[in-house]
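Notes for the one structure printed next.
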Amino acid sequence: MTTQTIASRRAAPVSAARTKPLSLSRMALHAFLALTAALWLLPLVWAAYTSLRPYSDTAERGYVSLPGVINFDNFAHAWSQADLPHYYLNTAIIVIPGVIVTLLLSSFVGFVVARFNFKWNLALLMLFTAGNLLPQQVIISPLYRMYLALPLPEWLSDTGLFFDSYFGVAAIHIAFQMGFCTFVLSNYMKTIPKEITEAALVDGASVWRTFWNVIAPLCRPPLAALATLEFTWIYNDFFWARVLMQTGAKRPITSALSDLQGLYFTDNNLIAAGAILIALPTILVYLLLQRQFVRGLTLGATKG
Amino acid sequence: MADRVSLASSAGRALAATRRGRLNLLTPQDKLLLVAMLGIPTFIHLFLVWVPTLGSVALSFTRWNGVSAIEPIGLKNYTDIVNIYPPFFPALSHNVIWLAFLLLIATPFGMFLAVLLDRDIRGTRFYQSVYFMPVVLSFAIIAFIVDLFFAPEQGLVNNLLGTTKQGNLIDWLGDPKYNLGAALIFTGWRHAGYIMVLYLAGLKSVDPSLRDAAAVDGANARQTFFQVVFPTLQPINIVVLVVTVIEALRAFDLVFVINKGRNGLELISVLVTNNIIGEASRIGFGSALAVILLVISLGAIIPYLVRSFNAEARAEVRGA
C-alpha cells in the first residue's frame with residue numbers, strides 16, 4: 001500500500017510531463033506515422049495473407065477476397081516439396097564460416113592498423129573501404145574466369161575448383177565484406193586508449209596475447225553488431241551465389257527462391273509461404289537483435 | 001587529456017621508451033605475426049576484389065569469348081557500346097532514373113521519417129522497427145512480393161483497380177511504360193528505412209543546446225532543422241549521399257529476378273552480367289561495360305574517401 005502510493009507519487013510528475021495535451025499537430029503527426037507504418041507493412045501482410053490460403057480457395061474466390069479456408073498447409077508443402085531444410089543447410093555452410101572468418105580477419109587488420117604506425121596504414125584502409133563500395137558487377141567477369149581456373153583440393157570442393165563450390169562463394173563474401181568490417185573495427189579500436197596495449201606489451205605480453213586477451217574482448221560490442229549485420233547481408237546474397245554457383249541443388253536459399261518460383265509458378269500461395277520461410281531467419285534476427293543491427297549500420301556511418 | 005598524462009607518467013620510463021620506438025619492443029615472432037595479420041587479409045582482399053577490378057580494365061580492351069585466344073582490339077568495345085549496342089543508353093538512363101528516384105524521393109523521405117521520429121514520440125521504437133523492416137529482406141524476396149502486387153490477373157493492384165479483364169488489363173511488369181516504376185516503388189520501400197536509420201544516428205549526435213538556442217531565438221521547427229541542424233550534419237549527409245549513389249549503381253537483384261533485366265528494366269549491372277554468363281560469352285565487351293560502371297562508381301567513392309580520411313588524418317595530427 002505505502003510502496004504503491006510512493007511509486008505513484010513519484011510517477012505522477014513524470015507522466016504529467018509525458019502526456020502533454022495532444023495538440024492538433026501531434027495528432028496529425030501520429031496519423032501520418034501510423035498510416036506510413038500501415039503502408040510499410042502492407043507488402044508483408046499481403047504475402048502472409050496469401051500464404052495462409054490454400055490455392056483452391058484463391059482460385060475459386062480470387063486473391064483479393066475474404067478467405068474461405070485459412071491454414072498452414074502451404075508452409076508444410078513448401079517445407080517438404082521444395083526441400084527447404086536442404087537449402088537452409090546450404091546457406092549455413094556459407095554464412096557461418098563466412099561471418100566468422102570475415103570478423104576474424106577484419107579484426108586482425110583493424111588491430112594492426114589502429115595500434116601500430118605503419119606507413120601504409122591509411123592507404124590500406126582506403127583500399128579496403130573502397131573495395132567494399134564497388135558494385136559487384138565491376139569484378140564479375142575476371143572473377144568468374146578466375147573461379148573457373150583456380151583449383152581447390154577435393155575435400156574443399158567437389159568440382160575441384162573455386163567455381164561451383166561453397167568455399168568459393170564464402171571466399172568472395174569474406175573478401176568483399178572485410179572492407180566494411182575493417183573500416184568499422186579499426187575506427188572502434190582507435191577509441192581504445194593506446195596505453196592499454198602499450199602496458200600489455202611492456203609487461204611482456206606477445207602481440208597475439210595483446211590482441212586476443214586484451215583488445216578482442218573490448219571489441220565485443222562492434223563484433224556483435226557486425227555479426228548481426230553480416231549474417232543478414234550474406235544470407236540475403238543473390239548475385240554471387242547465382243553466378244558463382246552453377247549447381248541448383250547447391251545454391252543457398254535466397255538464390256534458390258527463383259528456382260522455386262520457376263517450379264511452382266502457378267501456385268503463388270505456395271511460393272508466398274516459401275518466401276516467408278526464407279525471409280524468417282533474417283526477420284527473427286532483426287526482431288531479436290534490432291539494437292545490434294542498427295548499431296552496426298551506425299558504426300559504419302558515423303565512425304563510432 | 002590530464003588522465004592520459006598521469007597514466008603515462010605512472011607507467012614510467014618503459015612507456016616513454018615505447019613511445020619513441022614501439023616496434024623495438026617486439027620480438028621477431030611478434031613482427032612475423034603482425035605481418036601475417038595484415039598480410040593474409042590484405043592478400044585475400046586484393047586478390048579477389050582488386051585484381052579482378054584491374055582485370056576488368058585490361059579485358060575491356062580485348063575481344064575474348066573465354067575459349068579462343070585473347071585478342072587486343074583497343075577501344076573498339078567502348079565505341080561499339082556507344083554506337084551499335086542498343087540496350088546501353090536505355091540501361092544508362094534507367095540507372096539515372098533509379099538514382100534520381102532514390103535521391104529525390106526515397107532518401108528525402110527516409111530523412112523526413114528520421115526527423116519526425118527524432119523527438120519524444122510515443123511508439124517511436126515501434127515506428128522505427130516497422131520502417132526499417134524491409135531492409136532485412138533480400139531483393140529476391142522483394143521481387144516475389146512485387147509479383148504478388150503487380151501480376152496482371154492475380155495481383156493485388158489490378159484487382160483493387162478492377163483492371164483484370166482483357167481490354168483494360170494493365171501489365172505492370174510486362175509493359176516497359178510501367179515496370180521500372182513498379183520496381184522503383186519497392187526499391188524505395190527498402191531504401192527509405194535504411195536512410196532513416198543512418199540519419200537518426202546523425203540526428204542523435206546533434207548537440208541539444210543548438211536546438212534550445214534556436215528555440216530561444218524564436219525559430220520554428222522547419223527553420224531549426226534547415227538552418228541549424230542540417231548544416232551540422234554534413235558528415236552524415238555525405239554518407240547518405242554516397243550510400244544512395246552506390247545503391248543506385250548496384251541495383252541488380254530486383255530487376256534480374258523480375259524479368260532478367262529486359263524490356264524496360266535494363267541496367268548497366270544487368271548488361272555486364274548478361275554478356276558474361278549465359279549463351280553469349282563476350283568477356284571483353286562485358287568488361288568494358290563493367291569499367292563504365294567502375295568509373296561512375298569511383299566518381300562517388302573517391303571524393304568520399306578523400307574527404308573522410310583527410311578528416312581522420314587531421315584528427316590524428318590534432319590528437320598527437
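Residue names in the C-alpha cells use chain letters A, B, ... in the order shown, residue numbers from 1 in each chain, and ligand numbers from 1 in the order shown.
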
Legend entry - Interface, chain A side, toward chain B (6 Å; only C-alpha atoms) as number ranges by chain: A: 105, 108-109, 135, 137-139, 142-143, 175, 207, 236, 298

Inset, instruction - Could you give me, as an MDAnalysis selection string, each residue of segment 60-272 of chain B that DSSP assigns to helix (DSSP H, G or I) when run on this structure's backbone? - result: chainID B and resid 76:84 88:117 124:136 139:150 156:161 179:204 208:216 221:232 234:250 253:259 268:272

Inset, instruction - Find the residues near Gly262 of chain A: any atom within 12 Å, counting only C-alpha atoms, skip ones fewer than 3 places away on the same chain, and give them as a list in words. - result: Ala82, Ala256, Leu257, Ser258, Asp259, Phe265, Thr266, Asp267, Asn268 and Ile271 of chain A; Phe144, Val257, Ile258 and Asn259 of chain B

Inset, instruction - Find the residues around Pro67 of chain A up to 12 Å (only C-alpha atoms counted), leave out those fewer than 3 positions away in its own chain, and share them as a PyMOL selection string. - result: chain A and resi 49-64+70-71

So that I can see what lies close to Ser157 of chain A, please list as an mmCIF file with N, CA and C atoms, in the first residue's frame the residues with an atom at most 9 Å from it, counting only C-alpha atoms and leaving out residues fewer than 6 positions away in the same chain.
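Dumped everything to out-v5.cif:
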```
data_model
loop_
_atom_site.group_PDB
_atom_site.id
_atom_site.type_symbol
_atom_site.label_atom_id
_atom_site.label_comp_id
_atom_site.auth_asym_id
_atom_site.auth_seq_id
_atom_site.Cartn_x
_atom_site.Cartn_y
_atom_site.Cartn_z
ATOM 1 N N PRO A 151 42.202 -24.029 -58.917
ATOM 2 C CA PRO A 151 41.907 -25.348 -58.350
ATOM 3 C C PRO A 151 41.753 -25.293 -56.826
ATOM 4 N N PHE A 163 35.037 -22.391 -58.623
ATOM 5 C CA PHE A 163 33.722 -22.282 -59.227
ATOM 6 C C PHE A 163 32.800 -23.393 -58.733
ATOM 7 N N ASP A 164 31.546 -23.023 -58.498
ATOM 8 C CA ASP A 164 30.542 -24.001 -58.108
ATOM 9 C C ASP A 164 30.888 -24.697 -56.794
ATOM 10 N N SER A 165 31.545 -23.969 -55.878
ATOM 11 C CA SER A 165 31.866 -24.564 -54.576
ATOM 12 C C SER A 165 31.443 -23.632 -53.448
ATOM 13 N N TYR A 166 31.097 -24.231 -52.306
ATOM 14 C CA TYR A 166 30.759 -23.421 -51.133
ATOM 15 C C TYR A 166 31.940 -22.562 -50.724
ATOM 16 N N PHE A 167 33.122 -23.152 -50.820
ATOM 17 C CA PHE A 167 34.331 -22.435 -50.437
ATOM 18 C C PHE A 167 34.463 -21.148 -51.250
ATOM 19 N N GLY A 168 34.259 -21.277 -52.565
ATOM 20 C CA GLY A 168 34.408 -20.114 -53.437
ATOM 21 C C GLY A 168 33.413 -19.017 -53.117
#
```

Legend entry - Between atom CA of Ala34 of chain A and atom CA of Leu104 of chain B - distance in Å to one decimal: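 Interatomic distance, atom CA of Leu104 of chain B to atom CA of Ala34 of chain A: 23.1 Å.
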
Inset, instruction - Just give me the gap between atom CA of Thr197 of chain A and atom CA of Cys219 of chain A in Å, one decimal is fine. - result: 13.4 Å

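Picture a line from atom CA of Gly179 of chain A to atom CA of Leu125 of chain A; it runs 8.1 Å.
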